[in-house]
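Shown next, in structure tokens, is the structure this report addresses.
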Amino acid sequence: MKPYLRGDDVAELQVRLSQLGFDPGRVDGVFGPLLDRALSEFQRNCGLETNGTLTQRTLIELRRFSPTSGRTLVSEARDEAGFGQPQRGPIVVWGTSPIVETIAQLLPDVDFDAARGAWSVEQVASHANAVSALGVISLSQRSETNGVHLHYWASYQSYSRRGEQLASLVANAISRDEVAFRVEVTGMALPILRETQMTTLHVEHSEMTSEESEQLSRAISRAIRNFFHS
């Protein structure tokens with residue numbers, strides 16, 4: 001299988017289609033199956049050859065129908081309404097953090113294998129997409145990180161509302177615990193957030209004592225359970 005096309009031009013195409021009500025998925029600059037389907041649907045509606053390719057005639061029609069003022073993207077509207085989450089599979093837990101296995105043990109319906117710690121981001125994302133994962137939790141320990149950083153998908157003109165909600169819920173759970181952690185929530189376009197099709201949270205944390213590790217694991221897993229299974 002050839003790698004997907006990527007770039008700002010792809011992101012612009014996603015934005016134009018989404019503004020017109022064709023759902024290409026989130027605006028991530030990746031020409032994947034959802035964008036192919038949305039482009040084909042647009043071509044069909046315009047009476048053009050339905051081939052999922054951005055031809056000159058397709059581009060002319062896109063520009064002709066594109067709104068002159070800002071409109072809500074259909075992908076964001078679906079995400080906010082809760083319709084953009086067709087997955088009903090497990091929660092995939094992955095990473096190189098010392099607490100990754102503990103968190104996997106504290107969560108229900110988990111897809112975890114310690115051997116996957118050596119997997120690339122692309123392999124993990126491909127696996128999560130293949131099993132229609134309900135969510136993905138990625139964890140890493142970084143010596144240069146101060147406290148706990150929680151990242152959800154955000155790029156171009158789009159972001160994951162559910163990802164932001166999950167990150168905020170986890171941040172609140174950590175802040176309420178007895179052991180004080182410095183917590184930051186940031187939208188980013190990290191590969192693990194870009195390549196996965198479901199709600200994904202990437203957690204980066206500093207080195208911790210065993211007590212802090214236990215505390216952080218409980219807080220994170222509790223918030224994740226509440227978010228996905230309440």
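Note on naming: chains are A, B, ... as they come in the structure tokens, residues start from 1 per chain, ligands start from 1 in the order shown.
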Any idea what's packed within 12 Å of Val30 (chain A), counting only C-alpha atoms, ignoring anything in its chain fewer than 4 positions away? Could you give it as a list in words?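 Contacts, with the query itself left out: Pro3, Tyr4, Leu5, Arg6, Gly7, Asp8, Asp9, Val10, Ala11, Glu12, Leu13, Gln14, Val15, Pro24, Gly25, Arg26, Leu34, Leu35, Asp36, Ser155, Tyr156, Ala189, Pro191, Arg194, Glu195, Thr196 and Gln197 of chain A.
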Got a sec: who's within 12 Å of region 145-153 of chain A, counting only C-alpha atoms, leaving out chain neighbours fewer than 6 positions off, as a ChimeraX atom specification? /A:26-28,135-139,159-172,174-175,179-208,212-213,216-217,219-220
Preceding selection exported with C-alpha atoms as a PDB file, in the first residue's frame:
```
ATOM      1  CA  ARG A  26     -10.426  15.864  10.919  1.00  0.00           C
ATOM      2  CA  VAL A  27      -8.286  18.405   9.105  1.00  0.00           C
ATOM      3  CA  ASP A  28      -4.859  16.820   9.458  1.00  0.00           C
ATOM      4  CA  GLY A 135      -9.472   5.489  22.259  1.00  0.00           C
ATOM      5  CA  VAL A 136      -5.686   5.544  22.380  1.00  0.00           C
ATOM      6  CA  ILE A 137      -3.580   6.477  25.391  1.00  0.00           C
ATOM      7  CA  SER A 138       0.080   7.117  24.629  1.00  0.00           C
ATOM      8  CA  LEU A 139       2.569   7.702  27.452  1.00  0.00           C
ATOM      9  CA  TYR A 159      -8.972  20.229  16.568  1.00  0.00           C
ATOM     10  CA  SER A 160     -10.447  17.300  18.470  1.00  0.00           C
ATOM     11  CA  ARG A 161     -13.131  18.510  20.855  1.00  0.00           C
ATOM     12  CA  ARG A 162     -13.325  15.093  22.500  1.00  0.00           C
ATOM     13  CA  GLY A 163      -9.556  14.989  22.778  1.00  0.00           C
ATOM     14  CA  GLU A 164      -9.558  18.366  24.492  1.00  0.00           C
ATOM     15  CA  GLN A 165     -12.339  17.221  26.828  1.00  0.00           C
ATOM     16  CA  LEU A 166     -10.412  14.063  27.742  1.00  0.00           C
ATOM     17  CA  ALA A 167      -7.194  15.994  28.354  1.00  0.00           C
ATOM     18  CA  SER A 168      -9.037  18.512  30.557  1.00  0.00           C
ATOM     19  CA  LEU A 169     -10.726  15.728  32.524  1.00  0.00           C
ATOM     20  CA  VAL A 170      -7.378  14.027  33.155  1.00  0.00           C
ATOM     21  CA  ALA A 171      -5.798  17.359  34.140  1.00  0.00           C
ATOM     22  CA  ASN A 172      -8.561  18.005  36.679  1.00  0.00           C
ATOM     23  CA  ILE A 174      -4.418  15.008  38.551  1.00  0.00           C
ATOM     24  CA  SER A 175      -4.839  18.450  40.102  1.00  0.00           C
ATOM     25  CA  VAL A 179       0.653  14.801  45.302  1.00  0.00           C
ATOM     26  CA  ALA A 180       1.063  18.072  43.432  1.00  0.00           C
ATOM     27  CA  PHE A 181       1.999  17.882  39.749  1.00  0.00           C
ATOM     28  CA  ARG A 182       2.472  20.784  37.388  1.00  0.00           C
ATOM     29  CA  VAL A 183      -0.041  20.043  34.611  1.00  0.00           C
ATOM     30  CA  GLU A 184      -0.278  21.514  31.114  1.00  0.00           C
ATOM     31  CA  VAL A 185      -2.897  20.810  28.440  1.00  0.00           C
ATOM     32  CA  THR A 186      -1.902  21.565  24.863  1.00  0.00           C
ATOM     33  CA  GLY A 187      -3.298  20.842  21.418  1.00  0.00           C
ATOM     34  CA  MET A 188      -0.582  19.513  19.114  1.00  0.00           C
ATOM     35  CA  ALA A 189      -0.099  17.739  15.784  1.00  0.00           C
ATOM     36  CA  LEU A 190       2.134  14.935  17.044  1.00  0.00           C
ATOM     37  CA  PRO A 191       2.267  11.862  14.775  1.00  0.00           C
ATOM     38  CA  ILE A 192       0.409   9.617  17.249  1.00  0.00           C
ATOM     39  CA  LEU A 193      -2.396  12.198  17.394  1.00  0.00           C
ATOM     40  CA  ARG A 194      -2.443  12.742  13.637  1.00  0.00           C
ATOM     41  CA  GLU A 195      -2.374   9.123  12.496  1.00  0.00           C
ATOM     42  CA  THR A 196      -5.084   7.722  14.804  1.00  0.00           C
ATOM     43  CA  GLN A 197      -8.746   8.079  13.820  1.00  0.00           C
ATOM     44  CA  MET A 198     -10.193   7.992  17.327  1.00  0.00           C
ATOM     45  CA  THR A 199      -9.881  10.139  20.459  1.00  0.00           C
ATOM     46  CA  THR A 200      -6.216  10.006  21.436  1.00  0.00           C
ATOM     47  CA  LEU A 201      -4.369  11.403  24.437  1.00  0.00           C
ATOM     48  CA  HIS A 202      -0.592  11.658  24.588  1.00  0.00           C
ATOM     49  CA  VAL A 203       0.856  12.005  28.089  1.00  0.00           C
ATOM     50  CA  GLU A 204       4.412  13.182  28.736  1.00  0.00           C
ATOM     51  CA  HIS A 205       5.723  13.287  32.297  1.00  0.00           C
ATOM     52  CA  SER A 206       8.941  13.874  34.196  1.00  0.00           C
ATOM     53  CA  GLU A 207      10.784  11.304  36.280  1.00  0.00           C
ATOM     54  CA  MET A 208       8.847  10.493  39.450  1.00  0.00           C
ATOM     55  CA  GLU A 212       4.121   9.828  42.556  1.00  0.00           C
ATOM     56  CA  SER A 213       3.951   7.151  39.855  1.00  0.00           C
ATOM     57  CA  LEU A 216      -0.456   9.657  38.733  1.00  0.00           C
ATOM     58  CA  SER A 217      -1.490   6.248  37.400  1.00  0.00           C
ATOM     59  CA  ALA A 219      -5.607   9.751  38.577  1.00  0.00           C
ATOM     60  CA  ILE A 220      -5.116   9.187  34.838  1.00  0.00           C
TER      61      ILE A 220
END
```
Would you please give, as a compact mmCIF listing (two decimals) with N, CA and C atoms, in the first residue's frame, all residues of chain A that DSSP assigns to helix (DSSP H, G or I) based on the backbone?
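Here's the written file selection.txt:
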```
# COMPACT_ATOMS: atom_id res chain seq x y z
N ASP A 8 -0.06 20.85 3.23
CA ASP A 8 -1.00 21.96 3.42
C ASP A 8 -2.08 21.96 2.36
N ASP A 9 -1.74 21.55 1.12
CA ASP A 9 -2.74 21.50 0.05
C ASP A 9 -3.84 20.50 0.38
N VAL A 10 -3.45 19.38 0.99
CA VAL A 10 -4.43 18.36 1.40
C VAL A 10 -5.32 18.93 2.50
N ALA A 11 -4.71 19.65 3.43
CA ALA A 11 -5.48 20.25 4.53
C ALA A 11 -6.49 21.26 4.00
N GLU A 12 -6.08 22.06 3.00
CA GLU A 12 -7.00 23.03 2.42
C GLU A 12 -8.17 22.33 1.74
N LEU A 13 -7.89 21.22 1.07
CA LEU A 13 -8.95 20.44 0.44
C LEU A 13 -9.92 19.92 1.50
N GLN A 14 -9.40 19.44 2.61
CA GLN A 14 -10.25 18.95 3.70
C GLN A 14 -11.14 20.07 4.24
N VAL A 15 -10.57 21.25 4.40
CA VAL A 15 -11.34 22.38 4.92
C VAL A 15 -12.48 22.74 3.95
N ARG A 16 -12.18 22.84 2.67
CA ARG A 16 -13.20 23.22 1.68
C ARG A 16 -14.34 22.21 1.64
N LEU A 17 -14.00 20.93 1.63
CA LEU A 17 -15.03 19.89 1.60
C LEU A 17 -15.86 19.91 2.88
N SER A 18 -15.19 20.08 4.01
CA SER A 18 -15.88 20.07 5.29
C SER A 18 -16.84 21.25 5.42
N GLN A 19 -16.43 22.42 4.91
CA GLN A 19 -17.30 23.59 4.95
C GLN A 19 -18.55 23.40 4.09
N PRO A 33 -8.57 7.49 3.57
CA PRO A 33 -9.83 6.97 3.02
C PRO A 33 -11.02 7.90 3.21
N LEU A 34 -11.11 8.58 4.36
CA LEU A 34 -12.25 9.47 4.59
C LEU A 34 -12.25 10.64 3.62
N LEU A 35 -11.07 11.20 3.36
CA LEU A 35 -10.99 12.30 2.40
C LEU A 35 -11.30 11.80 0.99
N ASP A 36 -10.82 10.63 0.65
CA ASP A 36 -11.12 10.06 -0.67
C ASP A 36 -12.63 9.90 -0.87
N ARG A 37 -13.30 9.42 0.18
CA ARG A 37 -14.75 9.24 0.10
C ARG A 37 -15.48 10.57 0.00
N ALA A 38 -15.04 11.56 0.80
CA ALA A 38 -15.68 12.88 0.77
C ALA A 38 -15.50 13.55 -0.58
N LEU A 39 -14.32 13.43 -1.16
CA LEU A 39 -14.07 14.03 -2.47
C LEU A 39 -14.91 13.34 -3.54
N SER A 40 -15.02 12.03 -3.46
CA SER A 40 -15.85 11.29 -4.42
C SER A 40 -17.31 11.69 -4.31
N GLU A 41 -17.79 11.89 -3.08
CA GLU A 41 -19.18 12.30 -2.87
C GLU A 41 -19.42 13.69 -3.45
N PHE A 42 -18.45 14.58 -3.26
CA PHE A 42 -18.57 15.92 -3.83
C PHE A 42 -18.63 15.84 -5.35
N GLN A 43 -17.76 15.04 -5.95
CA GLN A 43 -17.76 14.89 -7.41
C GLN A 43 -19.09 14.33 -7.91
N ARG A 44 -19.63 13.36 -7.19
CA ARG A 44 -20.91 12.75 -7.58
C ARG A 44 -22.02 13.80 -7.54
N ASN A 45 -22.00 14.65 -6.50
CA ASN A 45 -23.03 15.68 -6.37
C ASN A 45 -22.92 16.75 -7.45
N GLN A 56 -8.75 19.22 -12.39
CA GLN A 56 -8.93 20.65 -12.61
C GLN A 56 -10.40 21.04 -12.53
N ARG A 57 -11.29 20.23 -13.11
CA ARG A 57 -12.73 20.52 -13.06
C ARG A 57 -13.25 20.45 -11.62
N THR A 58 -12.74 19.48 -10.85
CA THR A 58 -13.16 19.38 -9.45
C THR A 58 -12.73 20.61 -8.67
N LEU A 59 -11.52 21.08 -8.91
CA LEU A 59 -11.01 22.26 -8.21
C LEU A 59 -11.84 23.49 -8.55
N ILE A 60 -12.23 23.62 -9.80
CA ILE A 60 -13.06 24.76 -10.21
C ILE A 60 -14.39 24.74 -9.48
N GLU A 61 -15.00 23.56 -9.39
CA GLU A 61 -16.28 23.44 -8.69
C GLU A 61 -16.13 23.71 -7.20
N LEU A 62 -15.04 23.24 -6.61
CA LEU A 62 -14.79 23.50 -5.18
C LEU A 62 -14.71 24.99 -4.91
N ARG A 63 -13.96 25.69 -5.76
CA ARG A 63 -13.80 27.14 -5.56
C ARG A 63 -15.11 27.88 -5.80
N ARG A 64 -15.91 27.36 -6.73
CA ARG A 64 -17.19 28.02 -7.03
C ARG A 64 -18.17 27.91 -5.87
N PHE A 65 -18.16 26.76 -5.19
CA PHE A 65 -19.11 26.54 -4.11
C PHE A 65 -18.58 26.94 -2.73
N VAL A 74 -17.88 20.45 9.11
CA VAL A 74 -18.78 19.36 9.44
C VAL A 74 -18.09 18.37 10.38
N SER A 75 -16.78 18.20 10.24
CA SER A 75 -16.05 17.28 11.12
C SER A 75 -16.10 17.75 12.56
N GLU A 76 -16.00 19.08 12.77
CA GLU A 76 -16.07 19.62 14.13
C GLU A 76 -17.49 19.49 14.68
N ALA A 77 -18.49 19.74 13.84
CA ALA A 77 -19.87 19.64 14.29
C ALA A 77 -20.20 18.21 14.70
N ARG A 78 -19.74 17.23 13.91
CA ARG A 78 -19.98 15.83 14.24
C ARG A 78 -19.26 15.45 15.53
N ASP A 79 -18.04 15.94 15.69
CA ASP A 79 -17.26 15.65 16.89
C ASP A 79 -17.94 16.22 18.12
N GLU A 80 -18.41 17.47 18.03
CA GLU A 80 -19.06 18.12 19.17
C GLU A 80 -20.36 17.43 19.53
N ALA A 81 -21.09 16.94 18.51
CA ALA A 81 -22.37 16.29 18.76
C ALA A 81 -22.22 14.84 19.20
N VAL A 100 3.06 2.85 32.05
CA VAL A 100 2.14 2.44 31.00
C VAL A 100 1.45 1.12 31.34
N GLU A 101 2.19 0.16 31.89
CA GLU A 101 1.58 -1.13 32.21
C GLU A 101 0.62 -1.01 33.39
N THR A 102 0.95 -0.18 34.36
CA THR A 102 0.06 0.02 35.51
C THR A 102 -1.27 0.61 35.06
N ILE A 103 -1.22 1.61 34.20
CA ILE A 103 -2.45 2.23 33.70
C ILE A 103 -3.27 1.23 32.90
N ALA A 104 -2.60 0.40 32.12
CA ALA A 104 -3.32 -0.63 31.35
C ALA A 104 -4.04 -1.60 32.28
N GLN A 105 -3.44 -1.92 33.41
CA GLN A 105 -4.06 -2.84 34.37
C GLN A 105 -5.25 -2.22 35.08
N LEU A 106 -5.25 -0.89 35.18
CA LEU A 106 -6.32 -0.19 35.90
C LEU A 106 -7.53 0.14 35.02
N ALA A 114 3.14 -5.35 26.23
CA ALA A 114 4.41 -4.70 26.58
C ALA A 114 5.40 -4.74 25.42
N ALA A 115 5.31 -5.77 24.60
CA ALA A 115 6.23 -5.90 23.47
C ALA A 115 6.05 -4.78 22.45
N ARG A 116 4.89 -4.12 22.47
CA ARG A 116 4.64 -3.04 21.51
C ARG A 116 5.41 -1.77 21.86
N GLY A 117 6.08 -1.77 22.99
CA GLY A 117 6.88 -0.60 23.35
C GLY A 117 7.91 -0.26 22.30
N ALA A 118 8.33 -1.27 21.53
CA ALA A 118 9.31 -1.07 20.48
C ALA A 118 8.67 -0.70 19.15
N VAL A 121 5.28 4.72 15.88
CA VAL A 121 3.98 5.39 15.96
C VAL A 121 3.06 4.90 14.86
N GLU A 122 3.62 4.72 13.65
CA GLU A 122 2.81 4.26 12.52
C GLU A 122 2.22 2.88 12.78
N GLN A 123 2.99 2.00 13.38
CA GLN A 123 2.50 0.65 13.68
C GLN A 123 1.38 0.69 14.71
N VAL A 124 1.56 1.49 15.74
CA VAL A 124 0.53 1.60 16.78
C VAL A 124 -0.75 2.19 16.22
N ALA A 125 -0.62 3.26 15.45
CA ALA A 125 -1.79 3.90 14.86
C ALA A 125 -2.52 2.95 13.92
N SER A 126 -1.77 2.23 13.11
CA SER A 126 -2.37 1.27 12.18
C SER A 126 -3.12 0.18 12.93
N HIS A 127 -2.55 -0.29 14.03
CA HIS A 127 -3.22 -1.32 14.83
C HIS A 127 -4.50 -0.76 15.46
N ALA A 128 -4.42 0.43 16.05
CA ALA A 128 -5.59 1.03 16.69
C ALA A 128 -6.71 1.26 15.69
N ASN A 129 -6.37 1.72 14.50
CA ASN A 129 -7.38 1.95 13.47
C ASN A 129 -7.99 0.62 13.00
N ALA A 130 -7.16 -0.41 12.93
CA ALA A 130 -7.63 -1.72 12.44
C ALA A 130 -8.61 -2.37 13.41
N ARG A 161 -12.41 18.05 19.66
CA ARG A 161 -13.13 18.51 20.86
C ARG A 161 -13.13 17.44 21.93
N ARG A 162 -13.34 16.18 21.52
CA ARG A 162 -13.33 15.09 22.50
C ARG A 162 -11.93 14.91 23.08
N GLY A 163 -10.92 15.08 22.27
CA GLY A 163 -9.56 14.99 22.78
C GLY A 163 -9.27 16.06 23.82
N GLU A 164 -9.73 17.27 23.55
CA GLU A 164 -9.56 18.37 24.49
C GLU A 164 -10.33 18.08 25.79
N GLN A 165 -11.54 17.55 25.65
CA GLN A 165 -12.34 17.22 26.83
C GLN A 165 -11.66 16.15 27.68
N LEU A 166 -11.10 15.12 27.01
CA LEU A 166 -10.41 14.06 27.74
C LEU A 166 -9.18 14.62 28.45
N ALA A 167 -8.40 15.41 27.75
CA ALA A 167 -7.19 15.99 28.35
C ALA A 167 -7.55 16.86 29.56
N SER A 168 -8.61 17.64 29.45
CA SER A 168 -9.04 18.51 30.56
C SER A 168 -9.52 17.69 31.75
N LEU A 169 -10.24 16.60 31.45
CA LEU A 169 -10.73 15.73 32.52
C LEU A 169 -9.56 15.09 33.27
N VAL A 170 -8.56 14.62 32.53
CA VAL A 170 -7.38 14.03 33.15
C VAL A 170 -6.62 15.08 33.97
N ALA A 171 -6.50 16.29 33.43
CA ALA A 171 -5.80 17.36 34.14
C ALA A 171 -6.49 17.68 35.46
N ASN A 172 -7.81 17.73 35.45
CA ASN A 172 -8.56 18.01 36.68
C ASN A 172 -8.37 16.89 37.70
N ALA A 173 -8.35 15.65 37.23
CA ALA A 173 -8.16 14.51 38.13
C ALA A 173 -6.79 14.56 38.78
N ILE A 174 -5.78 14.91 38.01
CA ILE A 174 -4.42 15.01 38.55
C ILE A 174 -4.32 16.14 39.56
N SER A 175 -4.93 17.27 39.23
CA SER A 175 -4.84 18.45 40.10
C SER A 175 -5.53 18.24 41.45
N ARG A 176 -6.52 17.35 41.49
CA ARG A 176 -7.26 17.12 42.74
C ARG A 176 -6.52 16.19 43.69
N PRO A 191 2.63 12.98 15.66
CA PRO A 191 2.27 11.86 14.78
C PRO A 191 1.24 10.91 15.37
N ILE A 192 1.36 10.55 16.64
CA ILE A 192 0.41 9.62 17.25
C ILE A 192 -0.99 10.22 17.29
N LEU A 193 -1.10 11.53 17.39
CA LEU A 193 -2.40 12.20 17.39
C LEU A 193 -2.94 12.36 15.98
N ARG A 194 -2.04 12.54 15.03
CA ARG A 194 -2.44 12.74 13.64
C ARG A 194 -2.87 11.44 12.96
N GLU A 195 -2.16 10.36 13.23
CA GLU A 195 -2.37 9.12 12.50
C GLU A 195 -3.56 8.30 13.00
N SER A 210 8.23 6.47 43.26
CA SER A 210 7.25 5.39 43.17
C SER A 210 5.89 5.84 43.68
N GLU A 211 5.88 6.67 44.72
CA GLU A 211 4.61 7.17 45.24
C GLU A 211 3.92 8.07 44.22
N GLU A 212 4.68 8.94 43.57
CA GLU A 212 4.12 9.83 42.56
C GLU A 212 3.62 9.03 41.35
N SER A 213 4.37 7.99 40.98
CA SER A 213 3.95 7.15 39.85
C SER A 213 2.61 6.48 40.13
N GLU A 214 2.46 5.96 41.34
CA GLU A 214 1.21 5.31 41.71
C GLU A 214 0.06 6.31 41.72
N GLN A 215 0.33 7.48 42.27
CA GLN A 215 -0.69 8.53 42.35
C GLN A 215 -1.13 8.97 40.95
N LEU A 216 -0.16 9.20 40.08
CA LEU A 216 -0.46 9.66 38.73
C LEU A 216 -1.22 8.59 37.94
N SER A 217 -0.82 7.35 38.10
CA SER A 217 -1.49 6.25 37.40
C SER A 217 -2.96 6.16 37.78
N ARG A 218 -3.24 6.28 39.08
CA ARG A 218 -4.62 6.21 39.55
C ARG A 218 -5.45 7.36 39.00
N ALA A 219 -4.87 8.57 39.04
CA ALA A 219 -5.61 9.75 38.58
C ALA A 219 -5.91 9.66 37.09
N ILE A 220 -4.93 9.28 36.29
CA ILE A 220 -5.12 9.19 34.84
C ILE A 220 -6.14 8.11 34.49
N SER A 221 -6.00 6.93 35.07
CA SER A 221 -6.91 5.82 34.75
C SER A 221 -8.34 6.13 35.19
N ARG A 222 -8.50 6.80 36.33
CA ARG A 222 -9.84 7.14 36.81
C ARG A 222 -10.53 8.09 35.83
N ALA A 223 -9.81 9.10 35.37
CA ALA A 223 -10.39 10.06 34.44
C ALA A 223 -10.73 9.40 33.10
N ILE A 224 -9.86 8.51 32.64
CA ILE A 224 -10.11 7.83 31.36
C ILE A 224 -11.34 6.94 31.47
N ARG A 225 -11.47 6.21 32.58
CA ARG A 225 -12.66 5.37 32.78
C ARG A 225 -13.92 6.21 32.75
N ASN A 226 -13.90 7.32 33.45
CA ASN A 226 -15.07 8.18 33.51
C ASN A 226 -15.44 8.73 32.13
N PHE A 227 -14.42 9.04 31.36
CA PHE A 227 -14.66 9.64 30.03
C PHE A 227 -15.26 8.63 29.06
N PHE A 228 -14.69 7.45 28.99
CA PHE A 228 -15.12 6.48 27.98
C PHE A 228 -16.25 5.56 28.43
N HIS A 229 -16.39 5.35 29.75
CA HIS A 229 -17.32 4.33 30.21
C HIS A 229 -18.41 4.83 31.15
```
DSSP on the backbone, strand (DSSP E or B) only: what residues of region 95-181 of chain A does that give? Format it as an NGL selection string. :A and (95 or 110-111 or 135-141 or 148-155 or 158-159)
